[in-house]
Amino acid sequence: MPQLLLGPMLRYVSETEATVWVETDEPCEVEVLGCRERTFGVAGHHYALVRIEGLEPGGFYEYEVALDGECRWPAPDHDLPPSAIRTVSPGKPLDVCFGSCRVAVPHEPPYTLSKDEDEKGHELDALHVLAEQMSRRERDEWPELLFLLGDQIYVDEGSPRTHEKIRARRDTSEPPGEEILDFEEYTWLYEESWSEPLIRWLFSTVSVSMVWDDHDMSDDWNISRSWHEEMDRKEWWHERAVDGIASYWIYQHLGNLSPRELDENDVYARVRGNPDATAVLRGWAREIETTAAGTRWSFCRDIDGVRAIFMDSRAARVLTDERRSIFDDEVWGWIVDHASGEFDHLLLATTVPYLLSPAFHHLEAWNERLCDGAWGRALERPSERLRRAVDFDHWAAFQFSFQRLRRLLEEIGSGKRGKAPASIVLLSGDVHHAYLCEVAFRPEADMQSAVYQAVCSPYRNPLDARERQVIRAGFSRPFTAAARALARLAGSPDPGIRWRLLEGPYFDNQVATLRLDGRKAIARLDKTVAGDEEERALEKTFERRIA
């Protein structure tokens, strides 16, 4: 009889629709709330995305999952509240939790990836503690949405169990060693990240949206043209890249799509219900890996007056001699179209922060100019090496895209693209610390919207003491003044905006929440607090009204 391996994971939810994703151990028919879907197969693994339609707005639907007619969720020993679909309730406040960077390590002390007693532990998992806290509270206090903004898995950091499986499968003296190589090994990472019972229950009850960042594929993925040239020479890289794309489409991207978008998706039409869609999916992924074209990973969610645009800031990069850009023109056009309209709040989710600390913004902008030869060809190669060594790959290091988005923010916030929203909030992760910035524009921009950037990272992957000192220095005035001078000397453009640190930086394992109520908005950050299992909690770091 078929068994449930991963899921159920509640993905897209609207006022009347929902989708639920699962992985099973063999082909079968999956049923949720009377809606059925046949699994599709890829490389010996089996998946389904069940579409549930005809629901009532503001409804609360407890559900089970049946495989070939036999209930497989909840498990017999399940002692958590029932999994439930909560459809969007017009006029009700909306709680959106977000963050990034979650290493899958044991949930018991010392929270490490190895048995080395000197290794730094990764401490409590913020999502695990969130789930514990939710399970003890009334359902009206549960968040409606959960945004996973990159690095759900780490191809270069597996658990001891995964490393043992890799060593048993192939010769790790050959590249890429104990890093992930192919589709099968990718499935192990998702299993170790998503299979813990509390995490499964959390994902089964809160609508999850997700987008990838570099560690989902490779550290420094798409940071520069020289990175591509180096990786192209590695025989193993192309296999990982193809299977990384295929696995991301299955495990993360597919559930981001609405039922209407699923109906329009050619790849899904060929994969859906296909007992062996391996060739279809790998062929499509290989075309993307070879040509860097063929799909748009960015997507959009509309939730009762709130528009959330998830901007893929990794896979669509342009890295030619003529231009460095976070997006190609086609993706940028899609973003501009979807940022136009009338909504109470606009959320722009991008894994890498648009606004870094001011000092590091200027350093990345300075470095980009040197990479492009502003101080002579002799410094181009050393500058590229510096770019990769210290991860200068945020928006500041792509000034063409930075200025494009700045102009778009001005147009939206001044009402030139429809009624100005009460708030525009840039949501990000990646940098392993959290902070809240208020953004100021030139007077002639005539801004009517409040604009903020809210960064939350990590869910579980804290920085060490030295790294924290470096981050704090980036917000200091002397360091900022020196970095700004370097950027000006290299001919970097002025940002055109200023940003003021309101909160942070904070370095705990943490989860952020936006509460959106009509045209009001409140930002909150909670950190994990250790204790006995019954005493683990999320403790408020700050709460601030932003609109």
# chains A, B, ... in the order shown; residues from 1 in each chain; ligands from 1

$ residues_around --residues "His433 of chain A" --least-positions-apart "6" --cutoff "8 Å" --atoms "only C-alpha atoms" --output "list of chain:residue names"
A:Val455, A:Cys456, A:Ser457, A:Pro458, A:Pro462, A:Leu463, A:Pro505, A:Tyr506, A:Phe507, A:Asp508

$ select_by_dssp --residues "segment 105-241 of chain A" --states "strand (DSSP E)" --output "PyMOL selection string"
chain A and resi 145-149+207-211

$ atom_distance --atom1 "atom CA of Lys419 of chain A" --atom2 "atom CA of Ile303 of chain A"
17.1 Å

$ residues_around --residues "segment 465-482 of chain A" --least-positions-apart "3" --cutoff "12 Å" --atoms "only C-alpha atoms" --output "VMD selection string"
chain A and resid 120 355 to 364 366 390 431 to 435 437 462 485 to 489 499 to 508

$ closest_residue --among "A:Glu192, A:Asp464, A:Asp304, A:Glu178" --to "Pro93 of chain A" --atoms "only C-alpha atoms"
A:Asp304

$ closest_residue --among "A:Leu67, A:Leu409, A:Ala43, A:Leu370" --to "Ser492 of chain A" --atoms "only C-alpha atoms"
A:Leu370

$ closest_atom_pairs --of "segment 51-74 of chain A" --to "segment 4-27 of chain A" --cutoff "9 Å" --atoms "only C-alpha atoms" --output "Markdown table"
| residue | atom | partner | partner_atom | distance |
| --- | --- | --- | --- | --- |
| A:Arg51 | CA | A:Thr19 | CA | 4.6 |
| A:Ile52 | CA | A:Ala18 | CA | 5.2 |
| A:Glu53 | CA | A:Glu17 | CA | 4.5 |
| A:Gly54 | CA | A:Thr16 | CA | 5.5 |
| A:Leu55 | CA | A:Thr16 | CA | 4.3 |
| A:Glu56 | CA | A:Thr16 | CA | 5.4 |
| A:Pro57 | CA | A:Glu15 | CA | 4.4 |
| A:Gly58 | CA | A:Glu15 | CA | 6.8 |
| A:Gly59 | CA | A:Glu15 | CA | 8.3 |
| A:Glu64 | CA | A:Pro8 | CA | 9.0 |
| A:Val65 | CA | A:Pro8 | CA | 7.4 |
| A:Leu67 | CA | A:Leu4 | CA | 7.9 |
| A:Arg72 | CA | A:Leu4 | CA | 6.3 |
| A:Trp73 | CA | A:Leu4 | CA | 7.7 |

$ write_last_selection --atoms "all heavy atoms" --output "compact mmCIF listing (two decimals), in the first residue's frame"
# COMPACT_ATOMS: atom_id res chain seq x y z
N ARG A 51 -5.72 19.82 -6.40
CA ARG A 51 -6.45 21.10 -6.50
C ARG A 51 -7.80 20.95 -5.83
O ARG A 51 -8.59 20.06 -6.16
CB ARG A 51 -6.62 21.48 -7.96
CG ARG A 51 -5.31 21.69 -8.67
CD ARG A 51 -5.43 21.69 -10.17
NE ARG A 51 -6.47 22.59 -10.69
CZ ARG A 51 -6.48 23.04 -11.93
NH1 ARG A 51 -5.52 22.70 -12.77
NH2 ARG A 51 -7.44 23.83 -12.34
N ILE A 52 -8.07 21.86 -4.88
CA ILE A 52 -9.35 21.86 -4.18
C ILE A 52 -10.06 23.15 -4.55
O ILE A 52 -9.54 24.25 -4.31
CB ILE A 52 -9.17 21.76 -2.65
CG1 ILE A 52 -8.38 20.48 -2.30
CG2 ILE A 52 -10.50 21.76 -1.95
CD1 ILE A 52 -6.99 20.73 -1.83
N GLU A 53 -11.23 23.05 -5.15
CA GLU A 53 -11.97 24.23 -5.61
C GLU A 53 -13.38 24.22 -5.04
O GLU A 53 -13.83 23.24 -4.45
CB GLU A 53 -11.98 24.25 -7.14
CG GLU A 53 -10.56 24.33 -7.74
CD GLU A 53 -10.52 24.12 -9.24
OE1 GLU A 53 -10.85 23.02 -9.70
OE2 GLU A 53 -10.15 25.09 -9.94
N GLY A 54 -14.06 25.36 -5.18
CA GLY A 54 -15.43 25.48 -4.69
C GLY A 54 -15.54 25.67 -3.20
O GLY A 54 -16.58 25.36 -2.59
N LEU A 55 -14.49 26.19 -2.56
CA LEU A 55 -14.51 26.45 -1.13
C LEU A 55 -15.19 27.79 -0.84
O LEU A 55 -15.37 28.62 -1.73
CB LEU A 55 -13.08 26.44 -0.57
CG LEU A 55 -12.27 25.17 -0.83
CD1 LEU A 55 -10.84 25.33 -0.34
CD2 LEU A 55 -12.93 23.96 -0.15
N GLU A 56 -15.55 28.01 0.41
CA GLU A 56 -16.20 29.25 0.81
C GLU A 56 -15.17 30.25 1.34
O GLU A 56 -14.24 29.86 2.05
CB GLU A 56 -17.24 28.98 1.90
CG GLU A 56 -18.43 28.16 1.44
CD GLU A 56 -19.28 28.90 0.43
OE1 GLU A 56 -19.40 30.14 0.55
OE2 GLU A 56 -19.81 28.25 -0.49
N PRO A 57 -15.29 31.53 1.03
CA PRO A 57 -14.38 32.53 1.59
C PRO A 57 -14.44 32.53 3.11
O PRO A 57 -15.52 32.38 3.71
CB PRO A 57 -14.90 33.86 1.02
CG PRO A 57 -15.66 33.47 -0.21
CD PRO A 57 -16.27 32.13 0.09
N GLY A 58 -13.28 32.66 3.74
CA GLY A 58 -13.22 32.67 5.19
C GLY A 58 -13.52 31.32 5.82
O GLY A 58 -13.82 31.24 7.02
N GLY A 59 -13.41 30.24 5.05
CA GLY A 59 -13.72 28.92 5.58
C GLY A 59 -12.55 28.29 6.31
O GLY A 59 -11.39 28.65 6.12
N GLU A 64 -7.89 15.41 5.77
CA GLU A 64 -7.02 14.24 5.81
C GLU A 64 -6.49 13.99 4.40
O GLU A 64 -6.99 14.58 3.43
CB GLU A 64 -7.78 13.01 6.32
CG GLU A 64 -8.31 13.17 7.73
CD GLU A 64 -9.14 11.97 8.17
OE1 GLU A 64 -9.60 11.20 7.28
OE2 GLU A 64 -9.35 11.79 9.39
N VAL A 65 -5.49 13.14 4.29
CA VAL A 65 -4.96 12.75 2.99
C VAL A 65 -5.09 11.25 2.85
O VAL A 65 -4.61 10.48 3.69
CB VAL A 65 -3.47 13.16 2.83
CG1 VAL A 65 -2.93 12.69 1.48
CG2 VAL A 65 -3.32 14.67 2.96
N LEU A 67 -4.47 7.88 0.28
CA LEU A 67 -3.75 7.34 -0.88
C LEU A 67 -4.44 6.04 -1.28
O LEU A 67 -4.52 5.10 -0.48
CB LEU A 67 -2.29 7.09 -0.54
CG LEU A 67 -1.49 8.26 0.04
CD1 LEU A 67 -0.03 7.85 0.26
CD2 LEU A 67 -1.56 9.49 -0.86
N ARG A 72 -3.71 8.27 5.06
CA ARG A 72 -2.28 8.25 5.38
C ARG A 72 -1.84 9.52 6.13
O ARG A 72 -0.69 9.62 6.52
CB ARG A 72 -1.46 8.10 4.10
CG ARG A 72 -1.59 6.72 3.47
CD ARG A 72 -0.91 5.67 4.33
NE ARG A 72 -0.98 4.33 3.76
CZ ARG A 72 -1.85 3.40 4.13
NH1 ARG A 72 -2.74 3.67 5.08
NH2 ARG A 72 -1.84 2.21 3.55
N TRP A 73 -2.73 10.46 6.28
CA TRP A 73 -2.46 11.67 7.09
C TRP A 73 -3.76 12.13 7.71
O TRP A 73 -4.75 12.24 7.01
CB TRP A 73 -1.87 12.78 6.22
CG TRP A 73 -1.56 14.04 7.01
CD1 TRP A 73 -2.40 15.11 7.23
CD2 TRP A 73 -0.35 14.34 7.69
NE1 TRP A 73 -1.79 16.06 7.98
CE2 TRP A 73 -0.52 15.62 8.28
CE3 TRP A 73 0.86 13.68 7.85
CZ2 TRP A 73 0.49 16.23 9.05
CZ3 TRP A 73 1.86 14.29 8.59
CH2 TRP A 73 1.67 15.55 9.18

$ closest_atom_pairs --of "segment 236-328 of chain A" --to "segment 339-347 of chain A" --cutoff "8 Å" --atoms "only C-alpha atoms" --output "JSON lines"
{"residue": "A:Gly305", "atom": "CA", "partner": "A:Phe343", "partner_atom": "CA", "distance": 4.9}
{"residue": "A:Val306", "atom": "CA", "partner": "A:His345", "partner_atom": "CA", "distance": 5.0}
{"residue": "A:Arg307", "atom": "CA", "partner": "A:Leu346", "partner_atom": "CA", "distance": 5.1}
{"residue": "A:Ala308", "atom": "CA", "partner": "A:Leu347", "partner_atom": "CA", "distance": 4.5}
{"residue": "A:Ile309", "atom": "CA", "partner": "A:Leu347", "partner_atom": "CA", "distance": 6.2}

$ closest_residue --among "A:Glu410, A:Glu289, A:Asp216, A:Glu368" --to "Asp232 of chain A" --atoms "only C-alpha atoms"
A:Glu289

$ residues_around --residues "Glu543 of chain A" --least-positions-apart "2" --cutoff "10 Å" --atoms "only C-alpha atoms" --output "list of chain:residue names"
A:Glu503, A:Ala512, A:Thr513, A:Leu514, A:Ile522, A:Ala523, A:Arg524, A:Leu525, A:Asp526, A:Lys540, A:Thr541, A:Arg545, A:Ile546

$ closest_residue --among "A:Ile245, A:Leu33, A:Leu348, A:Leu80" --to "Tyr186 of chain A" --atoms "only C-alpha atoms"
A:Ile245

$ closest_residue --among "A:Ala530, A:Ala126, A:Met311, A:Val280" --to "Ala104 of chain A" --atoms "only C-alpha atoms"
A:Ala126

$ select_by_dssp --residues "segment 278-334 of chain A" --states "helix (DSSP H, G or I)" --output "ChimeraX atom specification"
/A:278-291,329-334

$ write_last_selection --atoms "N, CA and C atoms" --output "CSV table (one decimal), in the first residue's frame"
chain,number,residue,atom,x,y,z
A,278,THR,N,10.2,11.7,-16.3
A,278,THR,CA,11.6,12.0,-16.1
A,278,THR,C,12.2,12.7,-17.4
A,279,ALA,N,12.0,12.1,-18.5
A,279,ALA,CA,12.6,12.7,-19.7
A,279,ALA,C,12.0,14.0,-20.1
A,280,VAL,N,10.7,14.2,-19.8
A,280,VAL,CA,10.1,15.5,-20.1
A,280,VAL,C,10.7,16.6,-19.2
A,281,LEU,N,10.8,16.3,-17.9
A,281,LEU,CA,11.2,17.4,-17.0
A,281,LEU,C,12.7,17.6,-17.2
A,282,ARG,N,13.5,16.5,-17.3
A,282,ARG,CA,15.0,16.7,-17.5
A,282,ARG,C,15.3,17.4,-18.8
A,283,GLY,N,14.6,17.1,-19.9
A,283,GLY,CA,14.8,17.7,-21.1
A,283,GLY,C,14.5,19.2,-21.1
A,284,TRP,N,13.4,19.6,-20.4
A,284,TRP,CA,13.1,21.0,-20.2
A,284,TRP,C,14.1,21.7,-19.4
A,285,ALA,N,14.6,21.0,-18.3
A,285,ALA,CA,15.6,21.6,-17.4
A,285,ALA,C,16.9,21.8,-18.1
A,286,ARG,N,17.2,20.8,-18.9
A,286,ARG,CA,18.5,20.9,-19.7
A,286,ARG,C,18.5,22.1,-20.6
A,287,GLU,N,17.4,22.3,-21.3
A,287,GLU,CA,17.3,23.5,-22.2
A,287,GLU,C,17.5,24.8,-21.4
A,288,ILE,N,16.9,24.9,-20.2
A,288,ILE,CA,17.1,26.1,-19.4
A,288,ILE,C,18.5,26.2,-19.0
A,289,GLU,N,19.1,25.1,-18.5
A,289,GLU,CA,20.5,25.2,-18.0
A,289,GLU,C,21.5,25.6,-19.2
A,290,THR,N,21.2,25.1,-20.4
A,290,THR,CA,22.1,25.4,-21.5
A,290,THR,C,21.9,26.8,-22.1
A,291,THR,N,20.6,27.3,-22.2
A,291,THR,CA,20.4,28.6,-22.8
A,291,THR,C,20.1,29.7,-21.8
A,329,ASP,N,15.1,41.5,-19.6
A,329,ASP,CA,14.1,42.4,-19.9
A,329,ASP,C,12.7,41.8,-19.8
A,330,GLU,N,12.6,40.6,-20.2
A,330,GLU,CA,11.3,39.9,-20.2
A,330,GLU,C,10.7,39.8,-18.8
A,331,VAL,N,11.6,39.3,-17.8
A,331,VAL,CA,11.1,39.2,-16.4
A,331,VAL,C,10.9,40.6,-15.9
A,332,TRP,N,11.7,41.6,-16.2
A,332,TRP,CA,11.5,42.9,-15.6
A,332,TRP,C,10.2,43.5,-16.2
A,333,GLY,N,9.8,43.3,-17.4
A,333,GLY,CA,8.6,43.7,-17.9
A,333,GLY,C,7.4,43.1,-17.2
A,334,TRP,N,7.5,41.8,-16.9
A,334,TRP,CA,6.5,41.1,-16.1
A,334,TRP,C,6.3,41.8,-14.7
